[in-house]
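*Asks:* One structure is given below, represented as structure tokens, and several questions about it will come after.
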Amino acid sequence: MRPQGSTGELASDWSLLERVVRKDEEALSALYDRYSGLVYSEAKRILRDTGAAEEILQDLFYQIWRTAERFDEARGSLGGWLLVAARNRAISRLRRKTGKTEELKENGVGLRVDLESRTAQNLLLEKVRGVMQELPEGQREAVELAYFEGMSHTEIAEKTGQPLGTIKTRIRSAMETLKRVLG
Amino acid sequence: MTNGGHISAEELTLLAVGAMPEEHCAALRAHAAECVDCGAKLAEARGQAALLALGVAQEKPAATIKAELFARIRAEREQEEMYRWPAKSGEEAAHAPARKSRRGWSLVPVAAALAIATTWEWKENQRMAGELASANHQIVKMTNERQRAEMLVDLLSSPDTVSVRLAAAPETQPSAGMVRYNAKRGMVVYTAELPALPADKIYQMWLVPATGAPISAGIFAPGPHGTRQLWTAEVPMNTEVKAFAVTIEPAGGVAQPTGPKVLVGAG
Ligand SMILES: [Zn+2]
């Protein structure tokens, strides 16, 4: 167990979630302060729309408030879940605009890295940015089109004029690099 | 699927990054839901993919979003307190206001209005609370009157602002509304989802005080379906309100309600 700081910043996600289940607003506030920036920035990158990103952010934390008891360690990391859920919601909104309405679902998300403290977050942000900058252009483009634009590998192949096999390889290589650097 | 019936590493990565064409996803997800091994691998691949989100420029959301979130939560807690009431069966309750409204303007009994409210799906409640919060965003964004925005956020999060959900008379469904009322400040803020009216008609919001005649809280016309609007009105301070109601009136509004009630809620 990590020691709890006087500001409560180091209370673990799970201990805060347990308090949210008991309708403790302060605990929700602490989780919000911990993850709202990450969630908001991600949604805004995908939608390029402040209002829409704000809505996704608020709805996710509202969902945590209403259904905190449904989150358990079996579902994996809360930070990871939030990032995946924000991405899925933003993408389904983006695709609705273009006429595609598939329902995206969130399930367990295993995140091996620590996102709970501000320091760990900052370190990780820096590392990921570094990896992304150093990826070969084609690899970065492929993962970004998939993750942030919601494009399938066939759509990416069409858009970039590259063979499907190349796109698959690029995505896999990019993810392997990310995994290697971040552990 | 290769890899002896299991999901291959490449498929896992493509699925997690969101690059798998939708037509292949269902089968893979179904397998991951059944197969413990693939389920765990997929969860891990999702976590890896989520790290991509950390590569984007970091921005802080506006402070008003957090204020609204907590206003929404508090309003709902109050609401839940208020609706903890023995309800009639859904069928009976849903018809109560229609019968009353045929007798012209009369107060919808508080218990009947509460019964309607309790038949609402939780999801519906959540949606309306969301609408109000989003409508609030809209105001904050669209107006340069920063003070007004601040007043609204302050009003919405004030502990003495009460929230009242307006339920539709059966013939006007699907319609709904939500009112936030602060008696001390004499402020009413509301949002409503109602069908468009002919040009010579308008919706009018009423406060029904504990004693005396209904008080107008303004006329309003909802925009095209799906748009969110928030209306505000000043009313006499410290009015004890028994109910809120929306009626259809001649364009320009009237001093006292004459038309059919389309939304009602107990104050
Ligand atoms: Zn399997």
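Each chain in the structure tokens gets a letter, A, B, ..., in the order shown, and its residues are numbered from 1; ligands are numbered from 1 in order too.
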Let me have all residues with an atom within 8 Å of ligand 1, counting only C-alpha atoms and all ligand atoms, laid out as number ranges by chain.
*Replies:* B: 5-7, 31-32, 34-39
*Asks:* Output N, CA, C and O atoms for every residue in the selection just made, as a JSON list (two decimals), in the first residue's frame.
*Replies:*
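selection_33.json was written with the following content:
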[["chain", "number", "residue", "atom", "x", "y", "z"],
["B", 5, "GLY", "N", -7.70, -21.49, -33.31],
["B", 5, "GLY", "CA", -9.02, -21.11, -32.82],
["B", 5, "GLY", "C", -8.99, -19.88, -31.93],
["B", 5, "GLY", "O", -10.03, -19.25, -31.72],
["B", 6, "HIS", "N", -7.84, -19.54, -31.40],
["B", 6, "HIS", "CA", -7.74, -18.33, -30.57],
["B", 6, "HIS", "C", -7.47, -17.10, -31.44],
["B", 6, "HIS", "O", -7.17, -17.22, -32.62],
["B", 7, "ILE", "N", -7.57, -15.92, -30.84],
["B", 7, "ILE", "CA", -7.34, -14.69, -31.58],
["B", 7, "ILE", "C", -5.83, -14.47, -31.72],
["B", 7, "ILE", "O", -5.10, -14.56, -30.73],
["B", 31, "HIS", "N", -15.60, -14.24, -29.03],
["B", 31, "HIS", "CA", -14.62, -15.23, -28.59],
["B", 31, "HIS", "C", -13.92, -14.75, -27.31],
["B", 31, "HIS", "O", -13.76, -15.51, -26.36],
["B", 32, "ALA", "N", -13.53, -13.47, -27.31],
["B", 32, "ALA", "CA", -12.81, -12.93, -26.15],
["B", 32, "ALA", "C", -13.68, -12.97, -24.89],
["B", 32, "ALA", "O", -13.18, -13.10, -23.78],
["B", 34, "GLU", "N", -15.79, -15.29, -24.20],
["B", 34, "GLU", "CA", -15.90, -16.69, -23.76],
["B", 34, "GLU", "C", -14.57, -17.26, -23.29],
["B", 34, "GLU", "O", -14.53, -18.08, -22.38],
["B", 35, "CYS", "N", -13.51, -16.85, -23.98],
["B", 35, "CYS", "CA", -12.19, -17.45, -23.76],
["B", 35, "CYS", "C", -11.39, -16.59, -22.77],
["B", 35, "CYS", "O", -11.06, -15.45, -23.05],
["B", 36, "VAL", "N", -11.12, -17.16, -21.61],
["B", 36, "VAL", "CA", -10.44, -16.40, -20.55],
["B", 36, "VAL", "C", -9.09, -15.89, -21.03],
["B", 36, "VAL", "O", -8.72, -14.73, -20.80],
["B", 37, "ASP", "N", -8.40, -16.75, -21.75],
["B", 37, "ASP", "CA", -7.06, -16.41, -22.21],
["B", 37, "ASP", "C", -7.09, -15.22, -23.17],
["B", 37, "ASP", "O", -6.39, -14.23, -22.99],
["B", 38, "CYS", "N", -7.94, -15.32, -24.19],
["B", 38, "CYS", "CA", -8.02, -14.24, -25.18],
["B", 38, "CYS", "C", -8.61, -12.98, -24.55],
["B", 38, "CYS", "O", -8.23, -11.87, -24.91],
["B", 39, "GLY", "N", -9.55, -13.15, -23.60],
["B", 39, "GLY", "CA", -10.14, -12.00, -22.92],
["B", 39, "GLY", "C", -9.07, -11.20, -22.20],
["B", 39, "GLY", "O", -9.04, -9.97, -22.28]]
*Asks:* What are the nearest atom pairs, with distances in Å to one decimal, for all residues of chain B that come at most 10 Å from chain A, using only C-alpha atoms, set out by chain and rising residue number as CSV?
*Replies:*
residue,atom,partner,partner_atom,distance
B:Ala9,CA,A:Arg172,CA,8.9
B:Glu10,CA,A:Arg172,CA,6.6
B:Glu11,CA,A:Lys168,CA,9.3
B:Leu12,CA,A:Arg172,CA,9.7
B:Thr13,CA,A:Arg172,CA,6.6
B:Leu14,CA,A:Ile171,CA,7.4
B:Leu15,CA,A:Ser152,CA,9.4
B:Ala16,CA,A:Tyr147,CA,8.8
B:Val17,CA,A:Tyr147,CA,5.4
B:Gly18,CA,A:Ala146,CA,5.5
B:Ala19,CA,A:Ser152,CA,4.0
B:Met20,CA,A:Ser152,CA,5.3
B:Pro21,CA,A:Ser152,CA,5.0
B:Glu22,CA,A:Ser152,CA,7.8
B:Cys25,CA,A:Leu104,CA,10.0
B:Arg29,CA,A:Lys105,CA,9.6
B:Ala33,CA,A:Asn107,CA,9.2
B:Gly39,CA,A:Gly108,CA,8.2
B:Ala40,CA,A:Gly110,CA,7.8
B:Lys41,CA,A:Gly110,CA,8.6
B:Leu42,CA,A:Val109,CA,8.0
B:Ala43,CA,A:Val109,CA,4.4
B:Glu44,CA,A:Gly110,CA,4.3
B:Ala45,CA,A:Gly110,CA,7.5
B:Arg46,CA,A:Val109,CA,5.6
B:Gly47,CA,A:Leu111,CA,4.6
B:Gln48,CA,A:Lys179,CA,6.8
B:Ala49,CA,A:Met175,CA,7.3
B:Ala50,CA,A:Val84,CA,5.9
B:Leu51,CA,A:Val128,CA,7.2
B:Leu52,CA,A:Val128,CA,7.1
B:Ala53,CA,A:Glu42,CA,5.6
B:Leu54,CA,A:Leu125,CA,5.3
B:Gly55,CA,A:Arg129,CA,4.5
B:Val56,CA,A:Glu42,CA,6.8
B:Ala57,CA,A:Ser41,CA,6.7
B:Gln58,CA,A:Ser41,CA,5.3
B:Glu59,CA,A:Ser41,CA,5.4
B:Lys60,CA,A:Gly37,CA,5.0
B:Pro61,CA,A:Tyr40,CA,6.3
B:Ala62,CA,A:Glu54,CA,8.3
B:Thr64,CA,A:Glu54,CA,9.8
B:Ile65,CA,A:Gln58,CA,6.7
B:Lys66,CA,A:Gln58,CA,7.5
B:Glu68,CA,A:Gln58,CA,8.2
B:Leu69,CA,A:Gln58,CA,6.0
B:Phe70,CA,A:Glu25,CA,8.0
B:Arg72,CA,A:Tyr62,CA,8.4
B:Ile73,CA,A:Tyr62,CA,7.5
B:Arg74,CA,A:Glu25,CA,9.3
B:Arg77,CA,A:Lys23,CA,9.8
B:Gln126,CA,A:Tyr62,CA,9.1
B:Arg127,CA,A:Asp59,CA,9.9
B:Gly130,CA,A:Asp59,CA,7.7
B:Glu131,CA,A:Glu55,CA,9.9
B:Ala133,CA,A:Glu55,CA,8.7
B:Ser134,CA,A:Glu55,CA,6.9
B:His137,CA,A:Gly51,CA,7.0
B:Gln138,CA,A:Gly51,CA,7.7
B:Lys141,CA,A:Gly51,CA,8.3
*Asks:* What's the separation between atom CA of B:Met178 and atom CA of B:Ala221, in Å to one decimal place?
*Replies:*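 Separating atom CA of B:Met178 from atom CA of B:Ala221 is a distance of 15.0 Å.
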*Asks:* What does the distance between atom CA of B:Gly259 and atom CA of B:Gln204 come to in Å, to one decimal place?
*Replies:*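 That distance, rounded to one decimal, is 9.4 Å.
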*Asks:* Using only C-alpha atoms, which residues sit within 10 Å of stretch 16-20 of chain A once same-chain residues fewer than 3 positions away are excluded, as a CSV table (one decimal) with all heavy atoms, in the first residue's frame?
*Replies:*
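Everything below was put into result.csv:
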chain,number,residue,atom,x,y,z
A,8,GLY,N,-4.5,13.7,-0.3
A,8,GLY,CA,-5.3,12.6,-0.7
A,8,GLY,C,-5.0,12.2,-2.1
A,8,GLY,O,-5.7,11.3,-2.7
A,10,LEU,N,-2.7,10.6,-3.4
A,10,LEU,CA,-2.2,9.2,-3.6
A,10,LEU,C,-3.2,8.1,-3.1
A,10,LEU,O,-2.8,7.0,-3.1
A,10,LEU,CB,-0.8,9.1,-3.0
A,10,LEU,CG,0.3,9.8,-3.8
A,10,LEU,CD1,1.6,9.6,-3.2
A,10,LEU,CD2,0.3,9.2,-5.2
A,11,ALA,N,-4.4,8.5,-2.7
A,11,ALA,CA,-5.3,7.4,-2.4
A,11,ALA,C,-5.5,6.7,-3.7
A,11,ALA,O,-5.6,7.3,-4.8
A,11,ALA,CB,-6.7,8.1,-2.0
A,12,SER,N,-5.6,5.3,-3.6
A,12,SER,CA,-5.6,4.6,-4.9
A,12,SER,C,-7.0,4.7,-5.5
A,12,SER,O,-8.0,5.1,-4.9
A,12,SER,CB,-5.4,3.1,-4.6
A,12,SER,OG,-6.6,2.5,-4.0
A,13,ASP,N,-7.0,4.5,-6.8
A,13,ASP,CA,-8.3,4.5,-7.6
A,13,ASP,C,-9.4,3.7,-6.9
A,13,ASP,O,-10.5,4.1,-6.7
A,13,ASP,CB,-8.1,4.0,-9.0
A,13,ASP,CG,-7.4,5.0,-9.9
A,13,ASP,OD1,-7.1,6.2,-9.4
A,13,ASP,OD2,-7.1,4.7,-11.0
A,23,LYS,N,-21.4,7.1,-2.1
A,23,LYS,CA,-21.8,8.4,-2.5
A,23,LYS,C,-21.0,9.5,-1.8
A,23,LYS,O,-21.6,10.5,-1.3
A,23,LYS,CB,-23.3,8.5,-2.2
A,23,LYS,CG,-24.2,7.6,-3.0
A,23,LYS,CD,-24.1,7.8,-4.5
A,23,LYS,CE,-24.8,6.8,-5.4
A,23,LYS,NZ,-24.2,6.7,-6.7
A,24,ASP,N,-19.7,9.4,-1.8
A,24,ASP,CA,-18.8,10.4,-1.3
A,24,ASP,C,-18.4,11.3,-2.4
A,24,ASP,O,-17.6,10.9,-3.3
A,24,ASP,CB,-17.6,9.6,-0.6
A,24,ASP,CG,-16.6,10.6,-0.1
A,24,ASP,OD1,-16.6,11.8,-0.5
A,24,ASP,OD2,-15.8,10.1,0.8
A,25,GLU,N,-18.9,12.5,-2.4
A,25,GLU,CA,-18.6,13.4,-3.5
A,25,GLU,C,-17.1,13.8,-3.6
A,25,GLU,O,-16.6,14.1,-4.7
A,25,GLU,CB,-19.5,14.7,-3.4
A,25,GLU,CG,-21.0,14.4,-3.7
A,25,GLU,CD,-21.9,15.6,-3.7
A,25,GLU,OE1,-21.4,16.7,-3.8
A,25,GLU,OE2,-23.1,15.4,-3.5
A,26,GLU,N,-16.5,13.9,-2.4
A,26,GLU,CA,-15.1,14.3,-2.4
A,26,GLU,C,-14.2,13.3,-3.1
A,26,GLU,O,-13.3,13.6,-3.8
A,26,GLU,CB,-14.6,14.3,-0.9
A,26,GLU,CG,-14.1,15.7,-0.6
A,26,GLU,CD,-13.7,15.7,0.9
A,26,GLU,OE1,-12.7,15.0,1.3
A,26,GLU,OE2,-14.4,16.3,1.7
A,27,ALA,N,-14.6,12.0,-3.0
A,27,ALA,CA,-13.8,10.9,-3.7
A,27,ALA,C,-14.0,11.0,-5.2
A,27,ALA,O,-13.0,10.9,-5.9
A,27,ALA,CB,-14.3,9.6,-3.2
A,28,LEU,N,-15.2,11.3,-5.6
A,28,LEU,CA,-15.4,11.5,-7.1
A,28,LEU,C,-14.6,12.7,-7.5
A,28,LEU,O,-14.0,12.7,-8.6
A,28,LEU,CB,-16.9,11.7,-7.4
A,28,LEU,CG,-17.2,11.8,-8.9
A,28,LEU,CD1,-17.1,10.5,-9.6
A,28,LEU,CD2,-18.6,12.4,-9.2
A,29,SER,N,-14.6,13.8,-6.7
A,29,SER,CA,-13.9,15.0,-7.1
A,29,SER,C,-12.4,14.7,-7.2
A,29,SER,O,-11.7,15.2,-8.2
A,29,SER,CB,-14.1,16.0,-6.0
A,29,SER,OG,-13.3,17.1,-6.2
A,30,ALA,N,-11.9,13.8,-6.4
A,30,ALA,CA,-10.4,13.4,-6.4
A,30,ALA,C,-10.2,12.6,-7.7
A,30,ALA,O,-9.2,12.9,-8.4
A,30,ALA,CB,-10.0,12.6,-5.2
A,31,LEU,N,-11.1,11.7,-8.1
A,31,LEU,CA,-10.9,11.0,-9.3
A,31,LEU,C,-11.0,11.9,-10.5
A,31,LEU,O,-10.3,11.7,-11.5
A,31,LEU,CB,-12.0,9.9,-9.4
A,31,LEU,CG,-11.8,8.6,-8.5
A,31,LEU,CD1,-13.0,7.7,-8.6
A,31,LEU,CD2,-10.5,7.9,-8.9
A,64,ILE,N,-19.6,7.1,-13.6
A,64,ILE,CA,-18.9,6.5,-12.5
A,64,ILE,C,-19.6,6.7,-11.2
A,64,ILE,O,-19.8,5.8,-10.4
A,64,ILE,CB,-17.4,7.1,-12.4
A,64,ILE,CG1,-16.6,6.6,-13.6
A,64,ILE,CG2,-16.8,6.8,-11.1
A,64,ILE,CD1,-15.2,7.2,-13.6
A,65,TRP,N,-20.2,7.9,-11.1
A,65,TRP,CA,-21.0,8.2,-9.9
A,65,TRP,C,-22.2,7.3,-9.8
A,65,TRP,O,-22.5,6.8,-8.7
A,65,TRP,CB,-21.4,9.7,-10.0
A,65,TRP,CG,-22.4,10.1,-8.9
A,65,TRP,CD1,-23.7,10.2,-8.9
A,65,TRP,CD2,-22.0,10.4,-7.5
A,65,TRP,NE1,-24.2,10.6,-7.7
A,65,TRP,CE2,-23.2,10.7,-6.8
A,65,TRP,CE3,-20.8,10.4,-6.8
A,65,TRP,CZ2,-23.2,11.0,-5.5
A,65,TRP,CZ3,-20.8,10.7,-5.5
A,65,TRP,CH2,-22.0,11.0,-4.8
A,66,ARG,N,-22.9,7.1,-10.9
A,66,ARG,CA,-24.1,6.3,-10.8
A,66,ARG,C,-23.8,4.8,-10.6
A,66,ARG,O,-24.6,4.1,-10.1
A,66,ARG,CB,-24.9,6.5,-12.1
A,66,ARG,CG,-25.5,7.9,-12.3
A,66,ARG,CD,-26.5,8.3,-11.3
A,66,ARG,NE,-27.5,7.3,-11.0
A,66,ARG,CZ,-28.7,7.6,-10.5
A,66,ARG,NH1,-29.1,8.9,-10.4
A,66,ARG,NH2,-29.6,6.7,-10.2
A,67,THR,N,-22.7,4.3,-11.3
A,67,THR,CA,-22.5,2.9,-11.3
A,67,THR,C,-21.2,2.4,-10.8
A,67,THR,O,-20.6,1.5,-11.2
A,67,THR,CB,-22.7,2.4,-12.8
A,67,THR,OG1,-21.7,3.0,-13.6
A,67,THR,CG2,-24.1,2.7,-13.4
A,68,ALA,N,-20.7,3.2,-9.8
A,68,ALA,CA,-19.3,2.9,-9.3
A,68,ALA,C,-19.2,1.4,-8.8
A,68,ALA,O,-18.2,0.8,-8.9
A,68,ALA,CB,-19.0,3.8,-8.1
A,69,GLU,N,-20.4,0.9,-8.3
A,69,GLU,CA,-20.3,-0.5,-7.8
A,69,GLU,C,-20.0,-1.5,-8.9
A,69,GLU,O,-19.6,-2.6,-8.6
A,69,GLU,CB,-21.6,-0.8,-7.0
A,69,GLU,CG,-22.9,-0.9,-7.9
A,69,GLU,CD,-23.4,0.4,-8.3
A,69,GLU,OE1,-22.9,1.5,-7.8
A,69,GLU,OE2,-24.4,0.4,-9.1
A,71,PHE,N,-17.7,-1.2,-11.2
A,71,PHE,CA,-16.3,-1.3,-11.5
A,71,PHE,C,-15.6,-2.2,-10.4
A,71,PHE,O,-15.8,-1.9,-9.2
A,71,PHE,CB,-15.7,0.1,-11.4
A,71,PHE,CG,-16.2,1.0,-12.5
A,71,PHE,CD1,-17.3,1.7,-12.4
A,71,PHE,CD2,-15.4,1.1,-13.7
A,71,PHE,CE1,-17.8,2.5,-13.4
A,71,PHE,CE2,-15.9,1.9,-14.7
A,71,PHE,CZ,-17.1,2.6,-14.6
A,72,ASP,N,-14.9,-3.1,-10.9
A,72,ASP,CA,-14.1,-3.9,-9.9
A,72,ASP,C,-12.8,-4.2,-10.5
A,72,ASP,O,-12.6,-3.9,-11.7
A,72,ASP,CB,-14.9,-5.1,-9.4
A,72,ASP,CG,-15.3,-6.0,-10.6
A,72,ASP,OD1,-14.5,-6.2,-11.5
A,72,ASP,OD2,-16.5,-6.4,-10.6
A,78,LEU,N,-8.9,1.6,-13.8
A,78,LEU,CA,-9.9,2.7,-14.0
A,78,LEU,C,-9.4,3.7,-15.0
A,78,LEU,O,-10.1,4.2,-15.9
A,78,LEU,CB,-10.2,3.3,-12.7
A,78,LEU,CG,-11.3,4.5,-12.8
A,78,LEU,CD1,-12.7,3.9,-13.1
A,78,LEU,CD2,-11.3,5.3,-11.5
